[in-house]
Structures are given as structure tokens and as C-alpha cells.
Amino acid sequence: MFNQDIVKPENLVYKKTDVLTDKIMHYCPGCGHGTTHRIIAEVIEEMGIQDKAICIAPVGCSVLAYNYFEVDSLGAAHGRAPALATAIQRLNPDHHTFTYQGDGDLAAIGTAETIHACNRGENIVIIFINNGIYGMTGGQMAPTTLIGMQTATSPYGRTVELNGYPLQITELLAQLPGTYFVTRQSVHTSAAVRKAKKAVRQAFENQKNKKGTSFVEVVSNCNSGWKMTAPKANEWMVENMFVKYPIGDIKVDGEIVQK
Amino acid sequence: MAKELKLMKGNEAIAEAAIRSGCDGYFGYPITPQSEVMEYLMAEKPWERTGMVVLQAESETSSINMVYGGAGVGKKVMTSSSSPGISLMAEGLTYLAGAELPALVVNVVRGGPGLGTIQPSQADYFQATKGGGHGDYQLFVLAPATVQEMYDFVFLGWEIAFKYRNPVMILSDGAIGQVMEKLYVGDYVPRWTDEELRKNAPWASFGKPADRDHHIITSLELDSAKQEQHNHKLQAKYREMEEKEVRFEAINCDDADYIFVAYGSSARIAEKAMQLGKEKGYKIGILRLITLFPFPKKKIAELSTKVKGMLAVEMSAGQMVEDVRLAAQFRCPVEHFGRYGGIIHTPQEVLEALEEKIIKRK
């Protein structure tokens with residue numbers, strides 16, 4: 001049998017969504033960014049909102065996210081994505097503005113913008129990739145870096161004395177009355193990917209129904225920054241990151257469901 | 001509709017102009033001496049008058065980034081602040097310039113440095129015209145001298161901002177922001193419909209229709225060769241502004257022996273000093289700058305060959321005077337006079353400075 005005998009419309013079982021461009025992603029193999037991009041793009045396609053979706057890319061590993069989403073996009077200054085999204089969504093209440101941010105962007109330099117956008121209950125979707133490290137700049141300590149974790153700026157391991165505690169910003173944001181949906185997901189297994197996609201879909205549906213802020217954290221590995229192979233990084237993530245950052249819904253329909 | 005006469009503070013005139021000029025959104029943070037801009041807007045409820053969005057942000061950093069977001073989707077968006085707040089906005093201003101986004105930013109200047117004073121000053125000239133943020137960029141800078149110009153320059157600001165896809169700053173000061181004067185307000189310019197926005201800002205990230213590729217608004221270019229090309233493009237735009245958009249008012253300059261070069265409040269004080277000088281028999285003219293960038297280099301060069309001297313009058317320790325000297329190229333003496341730190345000079349002080357530094361100069 002030849003290829004041309006197989007490549008027929010009736011044999012098509014999977015197709016890359018048109019909401020992703022054909023550009024080759026720059027992400028490290030095994031990193032969660034690519035998968036998370038895909039599920040967001042699939043949700044946008046399935047909901048038929050490509051013409052109304054506005055992507056706000058951050059500064060960090062996903063600084064070039066706008067190259068991969070086939071939607072109108074803006075690159076924000078470091079940490080400011082929720083401020084951009086606030087204005088865009090208020091100026092265009094029927095659009096679907098979403099930010100895509102890492103832990104340094106969202107939980108360090110952009111803490112004020114994050115908290116106040118969530119507290120105002122801006123009708124936006126925030127996708128938060130937490131890998132406990134600054135990947136793009138070469139593996140420095142992040143606000144979410146675990147105690148004892150070695151990074152380029154905590155070479156002997158993070159200590160409370162020197163660096164304070166890992167910031168559980170997602171739990172913190174769930175306390176704000178403006179957040180309607182707060183969840184923590186991962187994309188390291190196919191089951192996890194399905195759940196994460198469901199959460200992303202829920203977030204965009206909430207936005208469509210003008211419910212306020214929906215916040216989806218995705219705990220990801222940073223195999224390069226953690227200096228591990230991808231499979232080893234996923235194991236380490238499950239054993240360590242998931243302890244501090246447990247997977248599951250935290251707030252659903254405006255009600256806290258998990259402490 | 002005929003023109004309507006009103007009595008307003010400069011800050012209120014900015015706010016009323018925003019509503020009437022088809023502004024889509026204002027994002028601000030309170031700071032003296034410009035808080036009336038947002039207070040007026042919140043009291044007027046422009047969302048009921050024109051559909052305009054008004055939001056009090058959590059910081060100036062956030063308000064300028066809200067402006068960046070709104071500008072990126074092609075909306076007419078603005079903010080206002082005063083000196084320390086503008087310092088916080090420096091990041092957003094350079095991103096706006098880098099991403100070539102039209103926006104309007106009003107600085108009602110107060111005395112610095114640091115937290116400084118809340119009294120009027122013109123010590124943010126360098127910040128407005130020579131950066132403030134990083135990188136090779138220029139704001140288009142308009143300097144109103146009256147409440148009427150506070151109003152008019154909002155309309156002019158949108159024109160320039162969208163024509164050149166560049167942020168425009170209205171560089172005012174605490175005196176013009178706070179003073180009440182009569183002004184004429186005119187017809188409403190309607191806010192753009194979605195169709196007009198797509199036509200007037202075809203580059204905007206306003207939502208991708210099926211018939212075109214996605215738009216990306218960014219100031220990032222990792223390939224330095226392309227970044228240099230982008231800088232060439234920006235520089236060409238700034239040179240075009242210098243060629244086409246210089247604005248000034250030359251008062252009694254034709255047969256003047258001496259020229260006051262001034263803008264904003266200082267230009268009005270200089271006008272009184274000019275009258276006092278006339279009584280003493282001095283032939284004084286005033287070059288009142290309306291655009292600080294682009295700077296009227298040619299006009300100053302031309303005047304420098306005809307007059308005995310120029311006095312740059314500004315409420316700073318000497319900032320604009322550097323540009324006057326560069327343009328005059330030592331063809332005539334150029335000196336500086338100004339009180340600063342929140343002190344406003346008197347016409348008498350200005351005239352005395354002209355006599356001491358230029359007229360009686362040995």
C-alpha cells in the first residue's frame with residue numbers, strides 16, 4: 001500500500017487546528033507550553049470565536065506565543081498583560097481577550113496587575129504556566145520556586161531565610177470576589193491534557209457568559225531549567241511541584257471548592 | 001451646532017475634550033495637580049454620553065499599559081498624570097513608540113525631582129522630548145498655553161497620533177491645569193464604529209476576520225538586523241514630523257532685537273515681560289513653541305541671524321535652552337532664565353534677566 005492510498009479525507013482521524021499557525025515552536029521538547037497552546041487553540045476553534053479572540057503574550061518563554069496563535073495578538077511589557085486585557089475587554093465586551101503568562105511574569109513583576117484585574121472581576125481568561133523557574137533568561141529563581149530547589153540565582157537551593165516562601169498565587173486569587181473560576185491543571189499525561197482542555201473550555205464559556213475572571217494555572221515542567229530529561233522532569237514535577245501546587249479546581253462558579 | 005462658551009479648569013477642558021473628540025477610553029490614576037481630569041470624567045459618566053470607557057487603574061504603570069492594550073486594538077485611548085506618575089509610565093511610553101501605537105498622554109507637570117512639590121513646573125522637558133524611557137524613540141509633544149489649547153490639543157493629538165502611529169504627549173503644567181478660563185467647545189466627533197476602526201486603523205489587532213492573517217502588535221524583534229530596519233523606519237517618521245508638523249507662534253519677532261523663547265505658562269509670563277520691556281524701549285519678540293518635538297530648529301536658526309540675543313524662559317534649571325542653543329549655533333547669545341521647584345517667575349524677573357544676561361552683557 002502506498003501513501004496516496006491512505007491519505008484520503010475519509011481516513012482523517014486528527015488534524016491540527018487552524019487556530020495554530022504552521023510556525024515551528026521554539027519551546028524545548030517535553031515542555032508543557034506547546035500542549036497548552038494547542039488546547040487553547042482547539043477550544044477557540046471549537047467555540048467558533050477565532051475572529052473575537054485577542055491573545056496577550058507575556059515576557060518569558062512564551063514571549064513569542066503570538067507567532068503560534070492564529071488570532072490577533074499583542075505582546076505586553078513584562079507582567080502587564082492583565083492591564084492590556086482589562087482595557088481591551090472593556091472596550092470590546094463581546095471579544096474573548098486572554099492572557100498567557102508564566103510565573104515570573106504573572107506572580108512576580110506583574111503581581112499588582114494580576115491581583116487588581118482579578119479583584120475587579122475583569123471578564124478575561126488568564127492562562128498561567130507555572131514551572132517554578134525563569135526559563136527564558138536561563139533558569140533563575142521564580143516566586144514559585146520550591147524550597148530547596150536549585151536555580152541559577154539560588155545555586156545552593158532556595159531558602160526561606162534568603163528568599164521567602166514559594167507563592168501560591170492561585171490560592172490567593174481564589175480568595176478575591178472578582179474571580180469566578182480558578183483551577184490548577186497539568187498537561188503531562190493524556191488524561192491530564194483532557195482535563196486541562198475542559199478547564200480552558202470552561203474559562204472561555206464563563207467569559208462568553210460574562211461571569212468575571214477565569215484563571216487556569218497549568219503546572220508544567222521546565223526540563224531545561226531543571227536540568228533533567230523530559231520524562232524525569234515530569235516525575236519530579238509530580239513528586240514535588242504537585243505537593244505544593246495540588247492539581248484540581250479551587251473555585252467553581254464563584255464558590256471555593258478546595259482549600 | 002455653534003460654538004459654546006464655557007468656564008473651566010485646564011484639567012476639566014482635557015476631560016471634556018476627550019468626551020467630545022470621540023475618545024474610546026480613559027485610564028488613569030489620581031495625582032495632584034491633574035486629578036480633576038478623572039474626577040470630571042467620572043462625574044460626567046461619558047459611558048452614557050458617548051459610550052466612552054473610564055477606569056481608575058491601580059497604578060500609572062497599569063494605566064499606561066491599559067492604554068497600550070486599547071491602542072493595540074485600534075481604539076482612541078488616553079491617560080493623564082503628573083511628573084512622578086509619568087516616570088512610572090516611561091516603560092509604557094517606549095513600548096507604545098516601539099510598537100507604533102497611537103495614544104494620548106497628558107502630563108500636568110509639577111516640580112521635581114522625586115516626589116517634589118505639587119506646584120507648577122516645566123522641568124519634565126527632557127523627559128518628554130528626549131526619551132524618559134529607553135531606546136531611540138520620540139513622543140510628539142504639544143505644549144498648550146491656555147485652557148482653550150488644553151481642549152483643542154486633544155483633538156489635534158488624535159490626528160497626529162493616528163496619522164503617524166505614534167504616542168502624543170500634551171505637556172502642560174500645574175498652572176494651566178488648575179487655572180479657570182473661558183473656552184469654546186464645539187461639535188462632538190463621534191466615536192468610530194467597528195467598521196470605521198477597521199478602515200482607519202487597518203493594522204490593529206481588533207480580531208482576525210477569516211480573510212486575513214493574524215495581526216501582531218509588539219515591540220520585540222529578536223533579529224537585530226530587522227530591529228535596525230525598524231529603527232530606520234521610526235527615524236524616518238520622526239524626520240517627517242520635523243519636516244511637516246512644527247508648530248509655533250511668532251509674536252513681534254519680525255523687527256525684534258531680543259527674543260524670548262518659551263512655551264506654556266512661561267510664554268504667557270514672557271508676554272507680559274515683553275510689554276514691560278516695550279515701555280522701556282526694548283524691541284522684544286516671543287517665539288512661543290507649540291510643538292516641543294518636533295522642535296522649531298529652522299525658525300530659531302533664522303531668528304538667530306537677525307537678533308541680538310535670545311532668552312529661553314522656562315520653569316526649569318535649563319532644559320529647553322539646550323535645544324535653542326543647538327539651533328542658534330552661536331550666531332547670537334542664548335541664555336536661560338527660570339525659577340523652578342514649583343516657583344513661578346514673575347514678568348519683572350524675566351525682564352530683569354533679559355537685561356542682565358543679554359542686553360547689558362559685556
# chains A, B, ... in the order shown; residues from 1 in each chain; ligands from 1
$ interface_residues --of "chain B" --to "chain A" --cutoff "9 Å" --atoms "only C-alpha atoms" --output "PyMOL selection string"
chain B and resi 24-25+27+52-53+55+57-59+61-73+75+91-92+95+204-210+213-220
$ select_by_dssp --residues "segment 117-311 of chain B" --states "helix (DSSP H, G or I)" --output "number ranges by chain"
B: 125-129, 147-164, 174-178, 194-200, 224-244, 264-279, 297-304
$ write_last_selection --atoms "C-alpha atoms" --output "PDB file, in the first residue's frame"
ATOM      1  CA  TYR B 125      11.013  68.878  29.157  1.00  0.00           C
ATOM      2  CA  PHE B 126      13.919  66.455  28.858  1.00  0.00           C
ATOM      3  CA  GLN B 127      11.736  63.532  29.873  1.00  0.00           C
ATOM      4  CA  ALA B 128       9.084  64.450  27.311  1.00  0.00           C
ATOM      5  CA  THR B 129      11.310  65.319  24.356  1.00  0.00           C
ATOM      6  CA  VAL B 147      -7.290  76.265  28.716  1.00  0.00           C
ATOM      7  CA  GLN B 148      -8.560  76.585  25.143  1.00  0.00           C
ATOM      8  CA  GLU B 149      -5.419  74.874  23.891  1.00  0.00           C
ATOM      9  CA  MET B 150      -5.776  72.139  26.501  1.00  0.00           C
ATOM     10  CA  TYR B 151      -9.103  71.431  24.818  1.00  0.00           C
ATOM     11  CA  ASP B 152      -8.003  71.905  21.207  1.00  0.00           C
ATOM     12  CA  PHE B 153      -4.834  69.835  21.502  1.00  0.00           C
ATOM     13  CA  VAL B 154      -6.787  66.734  22.463  1.00  0.00           C
ATOM     14  CA  PHE B 155      -8.406  66.846  19.015  1.00  0.00           C
ATOM     15  CA  LEU B 156      -5.104  67.678  17.334  1.00  0.00           C
ATOM     16  CA  GLY B 157      -3.444  64.932  19.372  1.00  0.00           C
ATOM     17  CA  TRP B 158      -5.680  62.205  17.932  1.00  0.00           C
ATOM     18  CA  GLU B 159      -4.998  63.460  14.411  1.00  0.00           C
ATOM     19  CA  ILE B 160      -1.239  63.348  14.849  1.00  0.00           C
ATOM     20  CA  ALA B 161      -1.256  60.090  16.818  1.00  0.00           C
ATOM     21  CA  PHE B 162      -3.187  58.169  14.166  1.00  0.00           C
ATOM     22  CA  LYS B 163      -1.506  59.868  11.207  1.00  0.00           C
ATOM     23  CA  TYR B 164       1.946  58.817  12.413  1.00  0.00           C
ATOM     24  CA  GLY B 174       0.096  72.729  37.162  1.00  0.00           C
ATOM     25  CA  ALA B 175      -0.813  76.340  36.404  1.00  0.00           C
ATOM     26  CA  ILE B 176      -2.627  75.612  33.152  1.00  0.00           C
ATOM     27  CA  GLY B 177      -4.190  72.503  34.645  1.00  0.00           C
ATOM     28  CA  GLN B 178      -5.620  74.416  37.592  1.00  0.00           C
ATOM     29  CA  ASP B 194     -16.151  48.912  14.336  1.00  0.00           C
ATOM     30  CA  GLU B 195     -16.183  49.359  10.542  1.00  0.00           C
ATOM     31  CA  GLU B 196     -14.556  52.795  10.795  1.00  0.00           C
ATOM     32  CA  LEU B 197     -11.958  51.408  13.183  1.00  0.00           C
ATOM     33  CA  ARG B 198     -11.029  48.643  10.746  1.00  0.00           C
ATOM     34  CA  LYS B 199     -10.741  51.249   7.973  1.00  0.00           C
ATOM     35  CA  ASN B 200      -8.874  53.925   9.961  1.00  0.00           C
ATOM     36  CA  SER B 224      18.941  42.792  15.253  1.00  0.00           C
ATOM     37  CA  ALA B 225      19.175  43.433  11.505  1.00  0.00           C
ATOM     38  CA  LYS B 226      15.395  43.696  11.403  1.00  0.00           C
ATOM     39  CA  GLN B 227      15.406  45.767  14.576  1.00  0.00           C
ATOM     40  CA  GLU B 228      17.763  48.216  12.918  1.00  0.00           C
ATOM     41  CA  GLN B 229      15.429  48.398   9.918  1.00  0.00           C
ATOM     42  CA  HIS B 230      12.551  49.091  12.284  1.00  0.00           C
ATOM     43  CA  ASN B 231      14.587  51.880  13.857  1.00  0.00           C
ATOM     44  CA  HIS B 232      15.287  53.349  10.421  1.00  0.00           C
ATOM     45  CA  LYS B 233      11.548  53.413   9.842  1.00  0.00           C
ATOM     46  CA  LEU B 234      10.938  55.147  13.166  1.00  0.00           C
ATOM     47  CA  GLN B 235      13.652  57.700  12.471  1.00  0.00           C
ATOM     48  CA  ALA B 236      12.189  58.443   9.036  1.00  0.00           C
ATOM     49  CA  LYS B 237       8.845  59.057  10.720  1.00  0.00           C
ATOM     50  CA  TYR B 238      10.414  61.451  13.237  1.00  0.00           C
ATOM     51  CA  ARG B 239      12.190  63.324  10.411  1.00  0.00           C
ATOM     52  CA  GLU B 240       8.867  63.602   8.573  1.00  0.00           C
ATOM     53  CA  MET B 241       7.333  65.131  11.703  1.00  0.00           C
ATOM     54  CA  GLU B 242      10.200  67.629  11.809  1.00  0.00           C
ATOM     55  CA  GLU B 243       9.551  68.459   8.178  1.00  0.00           C
ATOM     56  CA  LYS B 244       5.772  68.799   8.326  1.00  0.00           C
ATOM     57  CA  GLY B 264       3.158  77.002  28.115  1.00  0.00           C
ATOM     58  CA  SER B 265       2.820  79.159  31.230  1.00  0.00           C
ATOM     59  CA  SER B 266       6.244  80.707  30.693  1.00  0.00           C
ATOM     60  CA  ALA B 267       5.179  82.019  27.297  1.00  0.00           C
ATOM     61  CA  ARG B 268       2.296  83.879  28.900  1.00  0.00           C
ATOM     62  CA  ILE B 269       4.559  85.357  31.560  1.00  0.00           C
ATOM     63  CA  ALA B 270       7.039  86.293  28.844  1.00  0.00           C
ATOM     64  CA  GLU B 271       4.274  88.119  27.002  1.00  0.00           C
ATOM     65  CA  LYS B 272       3.772  90.399  29.995  1.00  0.00           C
ATOM     66  CA  ALA B 273       7.551  90.833  30.272  1.00  0.00           C
ATOM     67  CA  MET B 274       7.595  91.820  26.603  1.00  0.00           C
ATOM     68  CA  GLN B 275       5.043  94.560  27.310  1.00  0.00           C
ATOM     69  CA  LEU B 276       7.085  95.809  30.288  1.00  0.00           C
ATOM     70  CA  GLY B 277      10.153  95.843  28.059  1.00  0.00           C
ATOM     71  CA  LYS B 278       8.349  97.823  25.401  1.00  0.00           C
ATOM     72  CA  GLU B 279       7.689 100.545  27.977  1.00  0.00           C
ATOM     73  CA  LYS B 297      15.024  74.424  14.678  1.00  0.00           C
ATOM     74  CA  LYS B 298      14.734  76.299  11.387  1.00  0.00           C
ATOM     75  CA  LYS B 299      12.795  79.208  12.843  1.00  0.00           C
ATOM     76  CA  ILE B 300      15.301  79.611  15.661  1.00  0.00           C
ATOM     77  CA  ALA B 301      18.203  79.367  13.214  1.00  0.00           C
ATOM     78  CA  GLU B 302      16.575  82.063  11.076  1.00  0.00           C
ATOM     79  CA  LEU B 303      15.930  84.378  14.035  1.00  0.00           C
ATOM     80  CA  SER B 304      19.424  83.824  15.402  1.00  0.00           C
TER      81      SER B 304
END
$ residues_around --residues "Gly139 of chain A" --least-positions-apart "4" --cutoff "12 Å" --atoms "only C-alpha atoms" --output "MDAnalysis selection string"
chainID A and resid 60:61 104 131:135 145 149:155 222:227
$ residues_around --residues "Ser81 of chain B" --least-positions-apart "6" --cutoff "7 Å" --atoms "only C-alpha atoms" --output "list in words"
Ile31, Gln34, Val106, Asn107 and Val108 of chain B
$ residues_around --residues "Asn209 of chain A" --least-positions-apart "3" --cutoff "12 Å" --atoms "only C-alpha atoms" --output "ChimeraX atom specification"
/A:93-96,123-124,180,202-206,212-214,253
$ write_last_selection --atoms "C-alpha atoms" --output "PDB file, in the first residue's frame"
ATOM      1  CA  PRO A  93     -17.162  43.444  25.764  1.00  0.00           C
ATOM      2  CA  ASP A  94     -18.015  40.729  23.219  1.00  0.00           C
ATOM      3  CA  HIS A  95     -14.407  39.861  22.427  1.00  0.00           C
ATOM      4  CA  HIS A  96     -12.502  36.993  24.008  1.00  0.00           C
ATOM      5  CA  ASN A 123     -14.169  39.410  32.147  1.00  0.00           C
ATOM      6  CA  ILE A 124     -10.934  37.905  30.886  1.00  0.00           C
ATOM      7  CA  TYR A 180     -15.335  33.214  39.117  1.00  0.00           C
ATOM      8  CA  GLN A 202     -14.947  26.290  30.927  1.00  0.00           C
ATOM      9  CA  ALA A 203     -12.918  29.500  31.257  1.00  0.00           C
ATOM     10  CA  PHE A 204     -13.861  30.728  27.774  1.00  0.00           C
ATOM     11  CA  GLU A 205     -17.511  29.714  28.286  1.00  0.00           C
ATOM     12  CA  ASN A 206     -17.567  31.749  31.513  1.00  0.00           C
ATOM     13  CA  GLY A 212     -15.821  37.687  35.534  1.00  0.00           C
ATOM     14  CA  THR A 213     -12.257  36.431  35.740  1.00  0.00           C
ATOM     15  CA  SER A 214     -11.412  32.836  34.901  1.00  0.00           C
ATOM     16  CA  ASP A 253     -18.984  29.201  39.779  1.00  0.00           C
TER      17      ASP A 253
END
$ closest_residue --among "A:Leu20, A:Ile250, A:Ile147, A:Met47" --to "Gln207 of chain A" --atoms "only C-alpha atoms"
A:Met47
$ residues_around --residues "segment 282-286 of chain B" --least-positions-apart "3" --cutoff "6 Å" --atoms "only C-alpha atoms" --output "number ranges by chain"
B: 250-253, 256-261, 274, 277-278
$ closest_residue --among "A:Glu235, A:Asp249, A:Glu217, A:Asp22" --to "Thr36 of chain A" --atoms "only C-alpha atoms"
A:Glu217
$ atom_distance --atom1 "atom CA of Thr305 of chain B" --atom2 "atom CA of Ala328 of chain B"
8.2 Å
$ residues_around --residues "segment 338-343 of chain B" --least-positions-apart "2" --cutoff "8 Å" --atoms "only C-alpha atoms" --output "list in words"
Arg110, Gly111, Gly112, Gly116, Thr117, Ile118, Gln119, Pro120, Ser121, Gln122, Ala123, Val313, Glu314, Met315, Ser316, Ala317, Gly318, His336, His345 and Val350 of chain B
$ write_last_selection --atoms "all heavy atoms" --output "short mmCIF file (atom, residue, chain, number, x, y, z; two decimals), in the first residue's frame"
data_model
loop_
_atom_site.label_atom_id
_atom_site.label_comp_id
_atom_site.auth_asym_id
_atom_site.auth_seq_id
_atom_site.Cartn_x
_atom_site.Cartn_y
_atom_site.Cartn_z
N ARG B 110 4.54 68.99 37.60
CA ARG B 110 4.79 69.59 38.90
C ARG B 110 6.29 69.58 39.17
O ARG B 110 7.06 68.96 38.43
CB ARG B 110 4.03 68.84 39.98
CG ARG B 110 4.43 67.38 40.12
CD ARG B 110 3.46 66.62 41.01
NE ARG B 110 4.11 66.13 42.22
CZ ARG B 110 3.48 65.41 43.15
NH1 ARG B 110 2.19 65.12 43.01
NH2 ARG B 110 4.11 64.99 44.22
N GLY B 111 6.69 70.27 40.22
CA GLY B 111 8.12 70.40 40.49
C GLY B 111 8.74 69.11 41.00
O GLY B 111 8.15 68.41 41.80
N GLY B 112 9.93 68.80 40.54
CA GLY B 112 10.68 67.62 40.98
C GLY B 112 12.05 68.05 41.41
O GLY B 112 12.27 69.24 41.63
N GLY B 116 8.93 65.65 44.94
CA GLY B 116 8.95 67.08 44.61
C GLY B 116 7.85 67.86 45.29
O GLY B 116 7.56 67.68 46.46
N THR B 117 7.22 68.73 44.51
CA THR B 117 6.17 69.58 45.01
C THR B 117 4.96 69.43 44.12
O THR B 117 5.07 68.87 43.03
CB THR B 117 6.64 71.05 45.02
OG1 THR B 117 5.53 71.89 45.34
CG2 THR B 117 7.16 71.47 43.67
N ILE B 118 3.82 69.96 44.56
CA ILE B 118 2.64 69.86 43.70
C ILE B 118 2.42 71.14 42.90
O ILE B 118 1.43 71.30 42.22
CB ILE B 118 1.37 69.51 44.51
CG1 ILE B 118 1.10 70.56 45.58
CG2 ILE B 118 1.50 68.14 45.13
CD1 ILE B 118 -0.25 70.39 46.26
N GLN B 119 3.35 72.09 43.01
CA GLN B 119 3.22 73.37 42.30
C GLN B 119 3.73 73.24 40.86
O GLN B 119 4.47 72.32 40.54
CB GLN B 119 4.00 74.46 43.04
CG GLN B 119 3.66 74.58 44.52
CD GLN B 119 2.18 74.83 44.78
OE1 GLN B 119 1.49 75.42 43.95
NE2 GLN B 119 1.68 74.35 45.91
N PRO B 120 3.33 74.19 39.99
CA PRO B 120 3.67 74.07 38.55
C PRO B 120 5.18 74.08 38.27
O PRO B 120 5.95 74.71 39.00
CB PRO B 120 3.03 75.32 37.94
CG PRO B 120 2.03 75.80 38.93
CD PRO B 120 2.51 75.38 40.27
N SER B 121 5.55 73.42 37.21
CA SER B 121 6.94 73.34 36.81
C SER B 121 7.00 72.98 35.33
O SER B 121 6.00 72.55 34.74
CB SER B 121 7.64 72.26 37.64
OG SER B 121 8.89 71.94 37.08
N GLN B 122 8.15 73.21 34.73
CA GLN B 122 8.38 72.77 33.34
C GLN B 122 9.67 71.94 33.27
O GLN B 122 10.35 71.92 32.26
CB GLN B 122 8.47 73.99 32.40
CG GLN B 122 7.14 74.74 32.31
CD GLN B 122 7.20 75.96 31.41
OE1 GLN B 122 8.13 76.76 31.51
NE2 GLN B 122 6.22 76.11 30.52
N ALA B 123 9.93 71.24 34.36
CA ALA B 123 11.20 70.51 34.46
C ALA B 123 11.13 69.11 33.87
O ALA B 123 12.06 68.33 34.02
CB ALA B 123 11.65 70.45 35.92
N VAL B 313 13.04 81.10 28.37
CA VAL B 313 12.33 81.27 29.64
C VAL B 313 11.56 79.99 29.92
O VAL B 313 10.65 79.62 29.16
CB VAL B 313 11.36 82.47 29.58
CG1 VAL B 313 10.73 82.70 30.94
CG2 VAL B 313 12.08 83.72 29.09
N GLU B 314 11.90 79.31 30.98
CA GLU B 314 11.23 78.04 31.30
C GLU B 314 11.35 77.79 32.79
O GLU B 314 12.35 78.16 33.40
CB GLU B 314 11.84 76.89 30.50
CG GLU B 314 13.37 76.88 30.53
CD GLU B 314 14.00 75.70 29.79
OE1 GLU B 314 13.33 74.67 29.64
OE2 GLU B 314 15.17 75.84 29.39
N MET B 315 10.32 77.16 33.35
CA MET B 315 10.33 76.85 34.78
C MET B 315 11.11 75.57 35.03
O MET B 315 10.58 74.54 35.42
CB MET B 315 8.88 76.71 35.29
CG MET B 315 8.12 78.04 35.27
SD MET B 315 6.50 77.91 36.05
CE MET B 315 5.55 77.05 34.80
N SER B 316 12.43 75.67 34.74
CA SER B 316 13.33 74.55 34.99
C SER B 316 14.72 75.14 35.13
O SER B 316 14.92 76.33 34.88
CB SER B 316 13.31 73.57 33.81
OG SER B 316 14.02 74.12 32.72
N ALA B 317 15.68 74.31 35.49
CA ALA B 317 17.04 74.80 35.67
C ALA B 317 17.76 74.99 34.34
O ALA B 317 18.94 75.33 34.31
CB ALA B 317 17.82 73.84 36.57
N GLY B 318 17.02 74.78 33.24
CA GLY B 318 17.63 74.99 31.93
C GLY B 318 17.63 73.72 31.11
O GLY B 318 18.63 73.00 31.06
N HIS B 336 19.59 81.40 29.59
CA HIS B 336 18.42 80.78 30.21
C HIS B 336 17.98 81.58 31.42
O HIS B 336 18.81 82.09 32.18
CB HIS B 336 18.73 79.34 30.65
CG HIS B 336 17.71 78.79 31.61
ND1 HIS B 336 17.91 78.79 32.96
CD2 HIS B 336 16.48 78.28 31.39
CE1 HIS B 336 16.83 78.27 33.55
NE2 HIS B 336 15.96 77.95 32.63
N HIS B 345 8.12 82.22 37.90
CA HIS B 345 8.79 83.52 37.79
C HIS B 345 7.79 84.62 37.46
O HIS B 345 6.74 84.37 36.87
CB HIS B 345 9.94 83.49 36.76
CG HIS B 345 9.70 82.56 35.62
ND1 HIS B 345 10.48 81.43 35.41
CD2 HIS B 345 8.76 82.55 34.64
CE1 HIS B 345 10.03 80.79 34.34
NE2 HIS B 345 9.00 81.45 33.86
N VAL B 350 11.68 88.12 34.63
CA VAL B 350 12.05 87.72 33.28
C VAL B 350 12.72 88.89 32.55
O VAL B 350 13.77 88.72 31.91
CB VAL B 350 10.80 87.23 32.50
CG1 VAL B 350 11.14 86.98 31.02
CG2 VAL B 350 10.23 85.96 33.12
#
$ select_by_dssp --residues "segment 5-239 of chain A" --states "strand (DSSP E)" --output "number ranges by chain"
A: 53-57, 72-75, 96-102, 125-130, 133-134, 140-141, 179-186, 213-219
$ closest_residue --among "B:Arg212, B:Leu326, B:Met8, B:Lys280" --to "Glu355 of chain B" --atoms "only C-alpha atoms"
B:Lys280
